[in-house]
file protein11.cif (mmCIF, C-alpha atoms)
data_entry
#
loop_
_atom_site.label_atom_id
_atom_site.label_comp_id
_atom_site.auth_asym_id
_atom_site.auth_seq_id
_atom_site.Cartn_x
_atom_site.Cartn_y
_atom_site.Cartn_z
CA MET A 8 -75.35 -68.64 -5.28
CA ALA A 9 -77.21 -65.65 -6.65
CA GLU A 10 -78.00 -67.43 -9.88
CA ASP A 11 -81.03 -66.30 -11.81
CA ARG A 12 -82.81 -69.39 -13.09
CA THR A 13 -85.44 -67.61 -15.16
CA GLY A 14 -86.10 -69.67 -18.29
CA GLN A 15 -84.69 -72.88 -16.86
CA VAL A 16 -86.72 -76.05 -16.32
CA ALA A 17 -87.02 -77.33 -12.74
CA VAL A 18 -87.71 -80.97 -11.88
CA MET A 19 -89.14 -81.22 -8.35
CA PHE A 20 -88.80 -84.67 -6.83
CA VAL A 21 -90.61 -85.17 -3.51
CA SER A 22 -90.26 -88.61 -1.92
CA GLU A 23 -90.59 -90.76 1.13
CA ARG A 24 -88.08 -93.54 1.52
CA THR A 25 -88.67 -97.01 2.90
CA GLY A 26 -85.38 -97.07 4.77
CA ASP A 27 -84.54 -100.42 3.16
CA ASP A 28 -81.17 -100.95 1.51
CA PRO A 29 -79.62 -97.66 2.70
CA HIS A 30 -76.17 -98.45 1.31
CA GLY A 31 -77.53 -99.41 -2.09
CA TYR A 32 -79.62 -96.28 -2.12
CA SER A 33 -76.73 -93.99 -1.17
CA ALA A 34 -74.42 -95.51 -3.77
CA ALA A 35 -77.05 -95.17 -6.48
CA ALA A 36 -77.96 -91.62 -5.44
CA ASP A 37 -74.31 -90.53 -5.53
CA ALA A 38 -73.79 -92.19 -8.91
CA MET A 39 -76.92 -90.57 -10.35
CA ASP A 40 -75.94 -87.12 -9.02
CA ALA A 41 -72.54 -87.44 -10.67
CA LEU A 42 -74.02 -88.72 -13.92
CA ALA A 43 -76.67 -85.96 -14.03
CA ALA A 44 -73.97 -83.32 -13.64
CA GLN A 45 -72.31 -84.58 -16.83
CA GLN A 46 -75.42 -84.25 -18.97
CA PRO A 47 -75.87 -81.51 -21.56
CA GLY A 48 -78.10 -78.78 -20.21
CA TYR A 49 -77.54 -79.64 -16.54
CA ARG A 50 -77.72 -76.43 -14.48
CA GLY A 51 -77.48 -77.62 -10.89
CA ILE A 52 -79.25 -79.33 -8.03
CA ASP A 53 -80.64 -78.52 -4.58
CA SER A 54 -81.47 -81.39 -2.27
CA VAL A 55 -82.53 -81.82 1.36
CA SER A 56 -83.65 -84.96 3.15
CA ALA A 57 -84.64 -85.69 6.73
CA GLY A 58 -86.46 -88.52 8.43
CA GLY A 59 -87.09 -90.36 5.18
CA LEU A 60 -88.65 -87.38 3.42
CA GLY A 61 -86.69 -85.77 0.64
CA ILE A 62 -86.99 -82.92 -1.83
CA THR A 63 -84.58 -82.70 -4.74
CA LEU A 64 -84.74 -79.89 -7.28
CA SER A 65 -82.74 -80.37 -10.45
CA TYR A 66 -82.41 -77.54 -12.94
CA TRP A 67 -82.06 -77.88 -16.69
CA ALA A 68 -81.39 -75.52 -19.56
CA ASP A 69 -84.58 -76.51 -21.32
CA GLU A 70 -87.30 -79.10 -21.64
CA ALA A 71 -85.26 -81.25 -24.02
CA SER A 72 -82.37 -81.68 -21.61
CA ALA A 73 -84.71 -82.52 -18.72
CA VAL A 74 -86.45 -85.17 -20.84
CA ALA A 75 -83.13 -86.55 -22.09
CA TRP A 76 -82.00 -87.08 -18.50
CA ARG A 77 -85.24 -88.84 -17.68
CA HIS A 78 -84.63 -91.22 -20.59
CA HIS A 79 -80.90 -91.70 -20.02
CA PRO A 80 -80.45 -95.49 -20.08
CA GLU A 81 -78.44 -95.72 -16.86
CA HIS A 82 -80.82 -93.40 -15.05
CA ALA A 83 -83.88 -95.28 -16.27
CA ALA A 84 -82.35 -98.64 -15.34
CA THR A 85 -81.45 -97.45 -11.83
CA ARG A 86 -84.92 -96.03 -11.34
CA GLU A 87 -86.61 -99.22 -12.46
CA ALA A 88 -84.34 -101.44 -10.38
CA GLY A 89 -84.51 -99.39 -7.22
CA ARG A 90 -87.75 -97.60 -6.79
CA GLY A 91 -89.77 -100.45 -5.32
CA ARG A 92 -87.03 -101.07 -2.78
CA TRP A 93 -86.15 -97.48 -1.85
CA TYR A 94 -89.35 -95.50 -1.99
CA LYS A 95 -92.75 -95.66 -0.39
CA TRP A 96 -93.91 -93.03 -2.86
CA TYR A 97 -92.68 -90.15 -4.87
CA ARG A 98 -94.14 -87.25 -6.78
CA LEU A 99 -92.45 -85.38 -9.55
CA HIS A 100 -93.36 -82.03 -11.06
CA VAL A 101 -91.72 -80.49 -14.10
CA ALA A 102 -92.00 -76.73 -14.35
CA ASP A 103 -90.83 -73.71 -16.32
CA ILE A 104 -89.19 -71.11 -14.11
CA ARG A 105 -90.66 -67.73 -14.86
CA ARG A 106 -88.68 -65.71 -12.32
CA SER A 107 -86.01 -66.05 -9.64
CA TYR A 108 -85.06 -63.99 -6.61
CA SER A 109 -82.22 -64.39 -4.24
CA TRP A 110 -81.21 -62.73 -1.02
CA MET A 111 -78.06 -62.93 1.03
CA ARG A 112 -77.22 -61.55 4.43
CA GLU A 113 -74.77 -58.68 4.27
CA MET B 13 -101.02 -87.96 -2.45
CA ALA B 14 -101.39 -88.74 -6.14
CA GLU B 15 -102.37 -85.20 -6.97
CA ASP B 16 -101.69 -83.98 -10.48
CA ARG B 17 -100.37 -80.44 -10.24
CA THR B 18 -100.28 -79.71 -13.96
CA GLY B 19 -101.21 -76.06 -14.49
CA GLN B 20 -100.43 -75.01 -10.92
CA VAL B 21 -97.75 -72.49 -9.97
CA ALA B 22 -94.91 -73.73 -7.74
CA VAL B 23 -92.89 -71.45 -5.50
CA MET B 24 -89.54 -73.09 -4.65
CA PHE B 25 -87.88 -71.63 -1.57
CA VAL B 26 -84.35 -72.86 -0.90
CA SER B 27 -82.66 -71.46 2.20
CA GLU B 28 -79.88 -71.73 4.72
CA ARG B 29 -80.70 -70.64 8.24
CA THR B 30 -78.44 -68.83 10.67
CA GLY B 31 -79.63 -70.89 13.62
CA ASP B 32 -80.34 -67.67 15.56
CA ASP B 33 -83.68 -67.18 17.27
CA PRO B 34 -84.96 -70.73 16.71
CA HIS B 35 -88.12 -70.23 18.76
CA GLY B 36 -89.03 -67.00 17.00
CA TYR B 37 -88.39 -68.69 13.67
CA SER B 38 -90.53 -71.74 14.50
CA ALA B 39 -93.41 -69.65 15.72
CA ALA B 40 -93.31 -67.44 12.63
CA ALA B 41 -92.98 -70.44 10.28
CA ASP B 42 -95.97 -72.17 11.85
CA ALA B 43 -98.03 -68.99 11.71
CA MET B 44 -97.10 -68.41 8.06
CA ASP B 45 -97.93 -72.01 7.11
CA ALA B 46 -101.35 -71.67 8.72
CA LEU B 47 -101.98 -68.28 7.11
CA ALA B 48 -100.88 -69.49 3.66
CA ALA B 49 -103.32 -72.40 3.87
CA GLN B 50 -106.18 -69.93 4.27
CA GLN B 51 -105.37 -67.95 1.14
CA PRO B 52 -107.44 -68.21 -2.04
CA GLY B 53 -105.71 -70.42 -4.56
CA TYR B 54 -103.56 -72.27 -2.01
CA ARG B 55 -103.00 -75.84 -3.21
CA GLY B 56 -100.58 -77.31 -0.69
CA ILE B 57 -97.03 -77.39 0.55
CA ASP B 58 -94.07 -79.76 0.73
CA SER B 59 -91.22 -78.90 3.06
CA VAL B 60 -88.03 -80.58 4.29
CA SER B 61 -85.23 -79.11 6.37
CA ALA B 62 -82.07 -80.58 7.81
CA GLY B 63 -78.90 -79.09 9.20
CA GLY B 64 -79.98 -75.53 8.52
CA LEU B 65 -80.78 -76.15 4.86
CA GLY B 66 -84.40 -76.12 3.81
CA ILE B 67 -86.51 -76.54 0.73
CA THR B 68 -90.17 -75.54 0.79
CA LEU B 69 -92.42 -75.94 -2.22
CA SER B 70 -95.74 -74.14 -2.09
CA TYR B 71 -98.33 -74.71 -4.78
CA TRP B 72 -100.88 -72.20 -6.04
CA ALA B 73 -103.81 -72.30 -8.39
CA ASP B 74 -102.33 -69.60 -10.57
CA GLU B 75 -99.87 -66.77 -10.81
CA ALA B 76 -102.25 -64.25 -9.25
CA SER B 77 -102.72 -66.26 -6.06
CA ALA B 78 -98.95 -66.83 -5.71
CA VAL B 79 -98.30 -63.10 -6.10
CA ALA B 80 -101.11 -62.22 -3.69
CA TRP B 81 -99.53 -64.41 -1.02
CA ARG B 82 -96.18 -62.74 -1.58
CA HIS B 83 -97.81 -59.35 -1.02
CA HIS B 84 -100.02 -60.39 1.90
CA PRO B 85 -99.34 -57.71 4.55
CA GLU B 86 -98.69 -60.12 7.41
CA HIS B 87 -96.48 -62.31 5.26
CA ALA B 88 -94.50 -59.33 3.96
CA ALA B 89 -94.10 -57.89 7.47
CA THR B 90 -92.88 -61.20 8.88
CA ARG B 91 -90.44 -61.61 6.01
CA GLU B 92 -89.03 -58.12 6.45
CA ALA B 93 -88.77 -58.44 10.21
CA GLY B 94 -87.21 -61.88 10.24
CA ARG B 95 -85.08 -62.56 7.26
CA GLY B 96 -81.90 -60.86 8.44
CA ARG B 97 -82.11 -62.77 11.70
CA TRP B 98 -83.15 -66.20 10.44
CA TYR B 99 -81.46 -66.66 7.09
CA LYS B 100 -77.93 -66.64 5.75
CA TRP B 101 -79.37 -66.66 2.27
CA TYR B 102 -82.33 -67.83 0.31
CA ARG B 103 -83.28 -68.33 -3.29
CA LEU B 104 -86.77 -68.40 -4.66
CA HIS B 105 -87.97 -69.63 -8.03
CA VAL B 106 -91.52 -69.29 -9.32
CA ALA B 107 -92.50 -71.79 -11.99
CA ASP B 108 -95.41 -73.05 -14.04
CA ILE B 109 -95.92 -76.79 -13.64
CA ARG B 110 -96.27 -78.37 -17.04
CA ARG B 111 -96.63 -81.98 -15.92
CA SER B 112 -96.76 -84.16 -12.81
CA TYR B 113 -96.13 -87.82 -12.14
CA SER B 114 -96.57 -89.81 -9.01
CA TRP B 115 -95.73 -93.31 -7.98
CA MET B 116 -96.66 -95.32 -4.93
CA ARG B 117 -95.52 -98.71 -3.75
CA GLU B 118 -98.18 -101.33 -4.07
#
call {"tool": "encode", "arguments": {"input": "protein11.cif", "output": "structure tokens"}}
result
Amino acid sequence: MAEDRTGQVAVMFVSERTGDDPHGYSAAADAMDALAAQQPGYRGIDSVSAGGLGITLSYWADEASAVAWRHHPEHAATREAGRGRWYKWYRLHVADIRRSYSWMRE
Amino acid sequence: MAEDRTGQVAVMFVSERTGDDPHGYSAAADAMDALAAQQPGYRGIDSVSAGGLGITLSYWADEASAVAWRHHPEHAATREAGRGRWYKWYRLHVADIRRSYSWMRE
């Protein structure tokens, strides 16, 4: 919870879904989440979606592990097969985390 | 929509709300969004919340403008006054965007 992510690489994925093929989307999203978590350098994920809009943050140990996940064959194939069906648009930003704060209610 | 954010600073705010004081929270959130948009170096925002969880990404021209917003007196006062009432916890990561992609359905 109170993890300090300084030095990690964050991949910010902001999207709007079409609403088509919801079962196919959910199955693929679950499979990709599970596969990502097995990759070297994976450091976690935060994800929220509502009303078709979604933001997913995935965290990686370094640039190399973030790029390796992008090029993972199963991930790339799923992305190519599904994006035209599932998404109206998406934007993706890759960033180096320079500092982290956290706060928790006492 | 297809903005390239390379070189911008992203502030990732991941939170879980208490659910207390929803009207006070909404009013403060709206006021802070409007105030942020007036700050020098403001470059936009993406925000999704569902079931008490929220992710807000704010984008800034550079480190100095992100820090200035953090220290803005009205922003700081609102944060201090409200966080113990509105949030169970939050985490915040500040990062330098090294590349951006976007995709849109044709």
call {"tool": "calpha_fit_and_write", "arguments": {"input": "protein11.cif", "fixed": "chain A", "moving": "chain B", "output": "compact mmCIF listing (two decimals) with C-alpha atoms, in the frame of the given file"}}
result
# COMPACT_ATOMS: atom_id res chain seq x y z
CA MET B 13 -75.35 -68.66 -5.24
CA ALA B 14 -77.20 -65.66 -6.65
CA GLU B 15 -77.99 -67.44 -9.87
CA ASP B 16 -81.03 -66.30 -11.80
CA ARG B 17 -82.81 -69.39 -13.08
CA THR B 18 -85.43 -67.60 -15.17
CA GLY B 19 -86.09 -69.66 -18.29
CA GLN B 20 -84.69 -72.89 -16.85
CA VAL B 21 -86.72 -76.05 -16.32
CA ALA B 22 -87.03 -77.33 -12.73
CA VAL B 23 -87.71 -80.96 -11.88
CA MET B 24 -89.15 -81.22 -8.35
CA PHE B 25 -88.81 -84.68 -6.83
CA VAL B 26 -90.60 -85.17 -3.52
CA SER B 27 -90.25 -88.61 -1.94
CA GLU B 28 -90.60 -90.76 1.13
CA ARG B 29 -88.08 -93.55 1.51
CA THR B 30 -88.68 -97.01 2.90
CA GLY B 31 -85.39 -97.05 4.77
CA ASP B 32 -84.54 -100.41 3.17
CA ASP B 33 -81.17 -100.93 1.52
CA PRO B 34 -79.62 -97.65 2.70
CA HIS B 35 -76.17 -98.44 1.31
CA GLY B 36 -77.51 -99.43 -2.09
CA TYR B 37 -79.61 -96.28 -2.13
CA SER B 38 -76.70 -94.00 -1.18
CA ALA B 39 -74.42 -95.49 -3.77
CA ALA B 40 -77.05 -95.18 -6.49
CA ALA B 41 -77.95 -91.61 -5.45
CA ASP B 42 -74.31 -90.52 -5.54
CA ALA B 43 -73.78 -92.18 -8.91
CA MET B 44 -76.92 -90.56 -10.34
CA ASP B 45 -75.93 -87.11 -9.02
CA ALA B 46 -72.53 -87.44 -10.67
CA LEU B 47 -74.02 -88.71 -13.93
CA ALA B 48 -76.67 -85.96 -14.03
CA ALA B 49 -73.97 -83.31 -13.65
CA GLN B 50 -72.32 -84.57 -16.83
CA GLN B 51 -75.43 -84.26 -18.98
CA PRO B 52 -75.86 -81.50 -21.56
CA GLY B 53 -78.10 -78.78 -20.21
CA TYR B 54 -77.54 -79.63 -16.53
CA ARG B 55 -77.73 -76.44 -14.47
CA GLY B 56 -77.48 -77.62 -10.88
CA ILE B 57 -79.25 -79.32 -8.03
CA ASP B 58 -80.63 -78.52 -4.58
CA SER B 59 -81.46 -81.40 -2.27
CA VAL B 60 -82.54 -81.83 1.36
CA SER B 61 -83.66 -84.97 3.14
CA ALA B 62 -84.63 -85.68 6.71
CA GLY B 63 -86.46 -88.51 8.41
CA GLY B 64 -87.09 -90.37 5.17
CA LEU B 65 -88.65 -87.39 3.41
CA GLY B 66 -86.70 -85.76 0.63
CA ILE B 67 -87.00 -82.93 -1.83
CA THR B 68 -84.58 -82.69 -4.75
CA LEU B 69 -84.74 -79.89 -7.28
CA SER B 70 -82.75 -80.37 -10.45
CA TYR B 71 -82.41 -77.55 -12.94
CA TRP B 72 -82.05 -77.88 -16.70
CA ALA B 73 -81.38 -75.52 -19.55
CA ASP B 74 -84.58 -76.52 -21.30
CA GLU B 75 -87.29 -79.10 -21.64
CA ALA B 76 -85.27 -81.26 -24.03
CA SER B 77 -82.36 -81.68 -21.62
CA ALA B 78 -84.72 -82.52 -18.72
CA VAL B 79 -86.46 -85.16 -20.83
CA ALA B 80 -83.14 -86.55 -22.08
CA TRP B 81 -82.00 -87.07 -18.49
CA ARG B 82 -85.24 -88.85 -17.68
CA HIS B 83 -84.63 -91.22 -20.59
CA HIS B 84 -80.90 -91.70 -20.02
CA PRO B 85 -80.45 -95.50 -20.08
CA GLU B 86 -78.46 -95.73 -16.86
CA HIS B 87 -80.82 -93.39 -15.05
CA ALA B 88 -83.89 -95.28 -16.27
CA ALA B 89 -82.36 -98.65 -15.34
CA THR B 90 -81.44 -97.47 -11.84
CA ARG B 91 -84.91 -96.03 -11.34
CA GLU B 92 -86.61 -99.23 -12.45
CA ALA B 93 -84.34 -101.44 -10.38
CA GLY B 94 -84.51 -99.38 -7.22
CA ARG B 95 -87.75 -97.60 -6.79
CA GLY B 96 -89.77 -100.45 -5.32
CA ARG B 97 -87.04 -101.06 -2.78
CA TRP B 98 -86.14 -97.49 -1.84
CA TYR B 99 -89.35 -95.50 -1.99
CA LYS B 100 -92.76 -95.64 -0.38
CA TRP B 101 -93.91 -93.04 -2.85
CA TYR B 102 -92.68 -90.14 -4.87
CA ARG B 103 -94.13 -87.25 -6.78
CA LEU B 104 -92.45 -85.38 -9.56
CA HIS B 105 -93.37 -82.03 -11.06
CA VAL B 106 -91.71 -80.49 -14.10
CA ALA B 107 -92.00 -76.73 -14.35
CA ASP B 108 -90.84 -73.72 -16.32
CA ILE B 109 -89.19 -71.12 -14.11
CA ARG B 110 -90.65 -67.73 -14.87
CA ARG B 111 -88.69 -65.72 -12.31
CA SER B 112 -86.03 -66.06 -9.62
CA TYR B 113 -85.06 -63.99 -6.61
CA SER B 114 -82.22 -64.40 -4.22
CA TRP B 115 -81.21 -62.73 -1.02
CA MET B 116 -78.06 -62.94 1.03
CA ARG B 117 -77.21 -61.54 4.42
CA GLU B 118 -74.77 -58.70 4.25
call {"tool": "residues_around", "arguments": {"input": "protein11.cif", "residues": "Val21 in chain A", "least_positions_apart": "4", "cutoff": "7 Å", "atoms": "all atoms listed in the file", "output": "list in words"}}
result
Gly61, Ile62, Thr63, Tyr97, Arg98 and Leu99 of chain A
call {"tool": "closest_residue", "arguments": {"input": "protein11.cif", "among": "A:Phe20, A:Tyr49, A:Tyr32, A:Trp110", "to": "Trp67 in chain A", "atoms": "all atoms listed in the file"}}
result
A:Tyr49
call {"tool": "closest_residue", "arguments": {"input": "protein11.cif", "among": "A:Gly48, A:Gly59, A:Gly14, A:Gly31", "to": "Lys95 in chain A", "atoms": "all atoms listed in the file"}}
result
A:Gly59
call {"tool": "resolve_selection", "arguments": {"input": "protein11.cif", "expression": "the PyMOL selection byres ((chain B and resi 116-118) around 12)", "output": "PDB file with C-alpha atoms, keeping the file's coordinate frame"}}
result
ATOM      1  CA  VAL A  21     -90.610 -85.170  -3.510  1.00  0.00           C
ATOM      2  CA  SER A  22     -90.260 -88.610  -1.920  1.00  0.00           C
ATOM      3  CA  GLU A  23     -90.590 -90.760   1.130  1.00  0.00           C
ATOM      4  CA  ARG A  24     -88.080 -93.540   1.520  1.00  0.00           C
ATOM      5  CA  THR A  25     -88.670 -97.010   2.900  1.00  0.00           C
ATOM      6  CA  GLY A  89     -84.510 -99.390  -7.220  1.00  0.00           C
ATOM      7  CA  ARG A  90     -87.750 -97.600  -6.790  1.00  0.00           C
ATOM      8  CA  GLY A  91     -89.770-100.450  -5.320  1.00  0.00           C
ATOM      9  CA  ARG A  92     -87.030-101.070  -2.780  1.00  0.00           C
ATOM     10  CA  TRP A  93     -86.150 -97.480  -1.850  1.00  0.00           C
ATOM     11  CA  TYR A  94     -89.350 -95.500  -1.990  1.00  0.00           C
ATOM     12  CA  LYS A  95     -92.750 -95.660  -0.390  1.00  0.00           C
ATOM     13  CA  TRP A  96     -93.910 -93.030  -2.860  1.00  0.00           C
ATOM     14  CA  TYR A  97     -92.680 -90.150  -4.870  1.00  0.00           C
ATOM     15  CA  ARG A  98     -94.140 -87.250  -6.780  1.00  0.00           C
ATOM     16  CA  LEU A  99     -92.450 -85.380  -9.550  1.00  0.00           C
TER      17      LEU A  99
ATOM     18  CA  MET B  13    -101.020 -87.960  -2.450  1.00  0.00           C
ATOM     19  CA  ALA B  14    -101.390 -88.740  -6.140  1.00  0.00           C
ATOM     20  CA  GLU B  15    -102.370 -85.200  -6.970  1.00  0.00           C
ATOM     21  CA  TYR B 113     -96.130 -87.820 -12.140  1.00  0.00           C
ATOM     22  CA  SER B 114     -96.570 -89.810  -9.010  1.00  0.00           C
ATOM     23  CA  TRP B 115     -95.730 -93.310  -7.980  1.00  0.00           C
TER      24      TRP B 115
END
call {"tool": "closest_residue", "arguments": {"input": "protein11.cif", "among": "A:Ser107, A:Ser72, A:Gln45, A:Thr13", "to": "chain B", "atoms": "only C-alpha atoms"}}
result
A:Ser107
call {"tool": "residues_around", "arguments": {"input": "protein11.cif", "residues": "Ala75 in chain A", "least_positions_apart": "6", "cutoff": "12 Å", "atoms": "only C-alpha atoms", "output": "list in words"}}
result
Ala43, Gln46, Pro47, Gly48, Tyr49, Trp67, Ala68, Asp69, Glu81, His82 and Ala83 of chain A
call {"tool": "closest_residue", "arguments": {"input": "protein11.cif", "among": "B:Ala49, B:Ala107, B:Met44, B:Met24", "to": "chain A", "atoms": "all atoms listed in the file"}}
result
B:Ala107
call {"tool": "axis_aligned_box", "arguments": {"input": "protein11.cif", "around": "range 52-66 of chain B", "padding_each_side": "5 Å", "output": "AutoDock Vina command-line options"}}
result
--center_x -93.2 --center_y -74.4 --center_z 2.3 --size_x 38.5 --size_y 22.4 --size_z 23.8
call {"tool": "atom_distance", "arguments": {"input": "protein11.cif", "atom1": "CA of Val60 in chain B", "atom2": "CA of Val55 in chain A"}}
result
6.4 Å
call {"tool": "atom_distance", "arguments": {"input": "protein11.cif", "atom1": "CA of Ala22 in chain B", "atom2": "CA of Gly63 in chain B"}}
result
23.9 Å
call {"tool": "closest_residue", "arguments": {"input": "protein11.cif", "among": "A:Gly26, A:Asp40, A:Glu70, A:Leu60", "to": "Arg110 in chain B", "atoms": "all atoms listed in the file"}}
result
A:Glu70
call {"tool": "resolve_selection", "arguments": {"input": "protein11.cif", "expression": "the PyMOL selection byres ((chain B and resi 58) around 7)", "output": "PDB file with C-alpha atoms, keeping the file's coordinate frame"}}
result
ATOM      1  CA  ILE B  57     -97.030 -77.390   0.550  1.00  0.00           C
ATOM      2  CA  SER B  59     -91.220 -78.900   3.060  1.00  0.00           C
ATOM      3  CA  THR B  68     -90.170 -75.540   0.790  1.00  0.00           C
ATOM      4  CA  LEU B  69     -92.420 -75.940  -2.220  1.00  0.00           C
ATOM      5  CA  SER B  70     -95.740 -74.140  -2.090  1.00  0.00           C
TER       6      SER B  70
END
call {"tool": "closest_residue", "arguments": {"input": "protein11.cif", "among": "A:Asp37, A:His100, A:Val16, A:Arg86", "to": "Ala71 in chain A", "atoms": "all atoms listed in the file"}}
result
A:Val16
call {"tool": "atom_distance", "arguments": {"input": "protein11.cif", "atom1": "CA of Asp28 in chain A", "atom2": "CA of Ala57 in chain A"}}
result
16.5 Å
call {"tool": "decode", "arguments": {"input": "protein11.cif", "residues": "range 41-59 of chain A", "atoms": "C-alpha atoms", "output": "PDB file, in the first residue's frame"}}
result
ATOM      1  CA  ALA A  41      -2.523 -12.402 -15.177  1.00  0.00           C
ATOM      2  CA  LEU A  42       0.136 -12.656 -17.869  1.00  0.00           C
ATOM      3  CA  ALA A  43       1.573  -9.210 -17.061  1.00  0.00           C
ATOM      4  CA  ALA A  44       1.934 -10.183 -13.406  1.00  0.00           C
ATOM      5  CA  GLN A  45       4.202 -13.071 -14.434  1.00  0.00           C
ATOM      6  CA  GLN A  46       6.626 -10.907 -16.382  1.00  0.00           C
ATOM      7  CA  PRO A  47      10.099 -10.036 -15.107  1.00  0.00           C
ATOM      8  CA  GLY A  48      10.143  -6.537 -13.707  1.00  0.00           C
ATOM      9  CA  TYR A  49       6.387  -6.344 -13.105  1.00  0.00           C
ATOM     10  CA  ARG A  50       5.736  -4.148 -10.044  1.00  0.00           C
ATOM     11  CA  GLY A  51       1.962  -3.857  -9.902  1.00  0.00           C
ATOM     12  CA  ILE A  52      -1.119  -2.309 -11.421  1.00  0.00           C
ATOM     13  CA  ASP A  53      -3.835   0.220 -10.551  1.00  0.00           C
ATOM     14  CA  SER A  54      -6.959   0.288 -12.673  1.00  0.00           C
ATOM     15  CA  VAL A  55     -10.338   2.033 -12.578  1.00  0.00           C
ATOM     16  CA  SER A  56     -13.059   2.076 -15.217  1.00  0.00           C
ATOM     17  CA  ALA A  57     -16.513   3.609 -15.339  1.00  0.00           C
ATOM     18  CA  GLY A  58     -18.957   4.358 -18.108  1.00  0.00           C
ATOM     19  CA  GLY A  59     -16.613   3.124 -20.817  1.00  0.00           C
TER      20      GLY A  59
END
